[in-house]
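Novice: Let me give you the structure first, and then I'll get to my questions.
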Amino acid sequence: MRSFQIGTLFGIPIKLDLTFLLVLPLFAYLIGSQIEEVAGLLNDGLTAGIDIGAISAGLMPWALGLAAAIGLFIGVVLHELGHSLTARRFGFPIDSITLWLFGGIAAFSEMPENWRQELTIAVAGPIVSVLLGIGSYMLFSVIPASISGARFVFGYLAILNVALAIFNMLPAFPMDGGRVLRALLARNQPYARATQQAASIGKLFAVVMGLFGLFSLNIILIGVAFFVFIAASSEAQQVTMKAAFQDITVSDIMTPVSDLHTVDPETTITELIQRMFTERHTGYPVVENDAVDGERLVGLVTLSDARAVEPVERDAYTVDDVMTTDLETITPDSDAMTAIERMQKHDIGRLLVVEDDDLVGLISRTDVMTALNIVQQSGAAAFSGRPRTAG
């Protein structure tokens, strides 16, 4: 997501994704265009006494629609803040809270694997939404009937915040209800297995939501269903990988320097591409021969770097001209999962493995996926060369 920070709450950065700038006016329009129907429901359900004629004249529907939409998203921020402050109480840092197309996301640096902690964190958000609903209703109750616009906004927010809490408690992982489900499943079985089961149920709910949205022509519900399905699959895969790579280090799965293909900075781009074709590699550490220090790592060159040079100029350009010198490295004793997360964070396909400033190997996404397949089929003990103790 492309986002920018608008402030902080309790030391947590609050960000707006660019998609939020599209959905806010959309929500304001939808609320404003249905203001008479919604006001009628409030009058019937809450005995609101709203003067429908007064709030539907001129620009009033759009002003009230915008106010209600802003109030809704403030509620979403506070909902996510409930999750975040509870998580921080358990010692989990929060990177940020971001408002985007489908609501809000609290970015956790690390997810809890203790089921009690996850349960508490998961229910904190809906509890905040219910409290906001109660608070909105109390304000709605004390506002004079003559101020119909304010009664409409707070009556609307009272119902919507409670509805948001109920919707979030659906067992559609990774929504709040799905996380509650995983926490309960994890009481008596491994965390990874509980995640797989919760994700399967979440994807089933996503399919049902998607079909319901399709038949009711509700684009927002279809979008939420798509997000839930993708997010459930992604988190389940992440947790499975973390479990599979437990106690496995980078040195267990990297390509050691003795088996590594390297290039010289003076290699032409034409020669580099020929090597890539014959050796079936798309990235090479760039090593320079130094009279004093011997071979010295100076960069990394990839197929993307080579392709940036026009074909007619590839004889004139060398690896030194296009290589990356701002290197992402990792130590051989780091956890394999740390390497995976770093590759994902920086959207790169490989990490150079360095120890005491010396290149000792390279770990790529291909290495990771191959290792994952082997670990899943034969067990981690069969893959790692390090001794393990029973128990």
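By order of appearance in the structure tokens: chains A, B, ..., then residues from 1 within every chain, and ligands from 1 in the order shown.
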Please provide as a list of chain:residue names all residues within 6 Å of region 184-201 of chain A, with the sequence filter that same-chain residues fewer than 3 positions apart are discarded (counting only C-alpha atoms).
Specialist: A:Trp115, A:Phe173, A:Leu181, A:Leu204, A:Ala232, A:Ala236, A:Val239, A:Thr240
Novice: Could those residues be written to a file, using N, CA and C atoms, as a short mmCIF file (atom, residue, chain, number, x, y, z; two decimals), in the first residue's frame?
Specialist:
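Okay, result_36.cif is ready:
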data_model
loop_
_atom_site.label_atom_id
_atom_site.label_comp_id
_atom_site.auth_asym_id
_atom_site.auth_seq_id
_atom_site.Cartn_x
_atom_site.Cartn_y
_atom_site.Cartn_z
N TRP A 115 -2.25 -18.29 22.92
CA TRP A 115 -3.66 -18.17 22.55
C TRP A 115 -4.41 -17.19 23.43
N PHE A 173 -11.24 -15.67 9.33
CA PHE A 173 -9.82 -15.35 9.51
C PHE A 173 -9.29 -14.67 8.24
N LEU A 181 -11.22 -17.42 16.79
CA LEU A 181 -11.33 -18.84 16.47
C LEU A 181 -9.97 -19.52 16.52
N LEU A 204 -13.66 -20.14 3.41
CA LEU A 204 -15.03 -20.56 3.14
C LEU A 204 -15.99 -19.39 3.34
N ALA A 232 -6.09 -14.56 4.34
CA ALA A 232 -6.09 -15.84 5.06
C ALA A 232 -5.06 -16.79 4.48
N ALA A 236 -1.66 -17.88 6.58
CA ALA A 236 -1.51 -19.32 6.83
C ALA A 236 -0.18 -19.82 6.27
N VAL A 239 2.71 -18.57 8.57
CA VAL A 239 2.80 -19.32 9.83
C VAL A 239 3.34 -20.72 9.58
N THR A 240 2.91 -21.34 8.48
CA THR A 240 3.39 -22.67 8.13
C THR A 240 4.90 -22.66 7.88
#
Novice: Would you please work out which residue, of A:Thr338, A:Asn168, A:Thr282, A:Thr318, is nearest to Ser129 (chain A) when using only C-alpha atoms?
Specialist: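 Of A:Thr338, A:Asn168, A:Thr282, A:Thr318, the one nearest Ser129 (chain A), counting only C-alpha atoms, is A:Asn168.
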Novice: Just the residues within 9 Å of region 253-261 of chain A, please, counting only C-alpha atoms, with nothing from its chain fewer than 6 positions along; format it as a PyMOL selection string.
Specialist: chain A and resi 279+281+284-285+332+336+353+359-364+367-368+370-371+383-384
Novice: Quick check, in Å to one decimal: how far apart do CA of Gly32 (chain A) and CA of Leu64 (chain A) lie?
Specialist: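 For CA of Gly32 (chain A) relative to CA of Leu64 (chain A), the distance reads 6.7 Å.
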Novice: Using only C-alpha atoms, determine which residues lie at most 9 Å from Ser146 (chain A), disregarding the query and same-chain residues fewer than 4 positions distant; provide the list as a list in words.
Specialist: Gly49, Ile50, Asp51 and Arg151 of chain A
Novice: Write the residues you've just listed into a file as a PDB file, in the first residue's frame, and include N, CA and C atoms for each of them.
Specialist:
ATOM      1  N   GLY A  49     -37.049  11.122  15.972  1.00  0.00           N
ATOM      2  CA  GLY A  49     -37.724  12.407  15.777  1.00  0.00           C
ATOM      3  C   GLY A  49     -36.981  13.320  14.833  1.00  0.00           C
ATOM      4  N   ILE A  50     -36.282  12.743  13.854  1.00  0.00           N
ATOM      5  CA  ILE A  50     -35.494  13.536  12.906  1.00  0.00           C
ATOM      6  C   ILE A  50     -36.425  14.148  11.868  1.00  0.00           C
ATOM      7  N   ASP A  51     -36.252  15.453  11.601  1.00  0.00           N
ATOM      8  CA  ASP A  51     -37.011  16.152  10.564  1.00  0.00           C
ATOM      9  C   ASP A  51     -36.375  15.818   9.215  1.00  0.00           C
ATOM     10  N   ARG A 151     -28.444  14.657  15.388  1.00  0.00           N
ATOM     11  CA  ARG A 151     -29.109  13.422  15.846  1.00  0.00           C
ATOM     12  C   ARG A 151     -28.968  12.329  14.787  1.00  0.00           C
TER      13      ARG A 151
END
Novice: Just want the 12 Å neighbourhood of Leu26 (chain A), counted on only C-alpha atoms, with same-chain residues fewer than 6 positions away dropped. Output as a compact mmCIF listing (two decimals) with N, CA, C and O atoms, in the first residue's frame.
Specialist:
# COMPACT_ATOMS: atom_id res chain seq x y z
N THR A 19 -5.84 4.71 -1.29
CA THR A 19 -7.17 4.20 -1.59
C THR A 19 -8.23 4.79 -0.66
O THR A 19 -9.41 4.86 -1.02
N PHE A 20 -7.81 5.23 0.54
CA PHE A 20 -8.75 5.83 1.47
C PHE A 20 -9.32 7.12 0.91
O PHE A 20 -10.48 7.48 1.17
N GLY A 32 -25.14 10.03 2.01
CA GLY A 32 -25.95 11.18 1.63
C GLY A 32 -27.08 10.83 0.69
O GLY A 32 -28.19 11.38 0.80
N SER A 33 -26.82 9.90 -0.23
CA SER A 33 -27.86 9.53 -1.21
C SER A 33 -28.98 8.70 -0.58
O SER A 33 -30.07 8.60 -1.15
N TRP A 62 -25.21 15.80 1.76
CA TRP A 62 -23.80 15.51 1.47
C TRP A 62 -22.91 15.93 2.63
O TRP A 62 -21.91 15.26 2.94
N GLY A 65 -23.52 13.29 5.19
CA GLY A 65 -22.88 12.06 4.71
C GLY A 65 -21.39 12.08 4.96
O GLY A 65 -20.80 11.09 5.41
N LEU A 66 -20.74 13.24 4.69
CA LEU A 66 -19.31 13.38 4.93
C LEU A 66 -19.00 13.29 6.43
O LEU A 66 -18.04 12.62 6.84
N ALA A 68 -20.74 11.75 8.76
CA ALA A 68 -20.92 10.37 9.21
C ALA A 68 -19.78 9.48 8.73
O ALA A 68 -19.32 8.60 9.47
N ALA A 69 -19.31 9.70 7.50
CA ALA A 69 -18.20 8.90 6.96
C ALA A 69 -16.92 9.15 7.75
O ALA A 69 -16.19 8.21 8.09
N ILE A 70 -16.65 10.42 8.07
CA ILE A 70 -15.47 10.74 8.87
C ILE A 70 -15.60 10.12 10.26
O ILE A 70 -14.63 9.55 10.80
N LEU A 101 -8.71 1.14 1.81
CA LEU A 101 -9.95 0.89 1.09
C LEU A 101 -11.00 0.15 1.91
O LEU A 101 -12.18 0.50 1.88
N ILE A 219 -20.38 -4.27 -4.46
CA ILE A 219 -18.95 -4.31 -4.84
C ILE A 219 -18.06 -4.29 -3.60
O ILE A 219 -17.01 -4.95 -3.56
N ILE A 220 -18.46 -3.54 -2.58
CA ILE A 220 -17.63 -3.46 -1.36
C ILE A 220 -17.53 -4.82 -0.69
O ILE A 220 -16.44 -5.24 -0.27
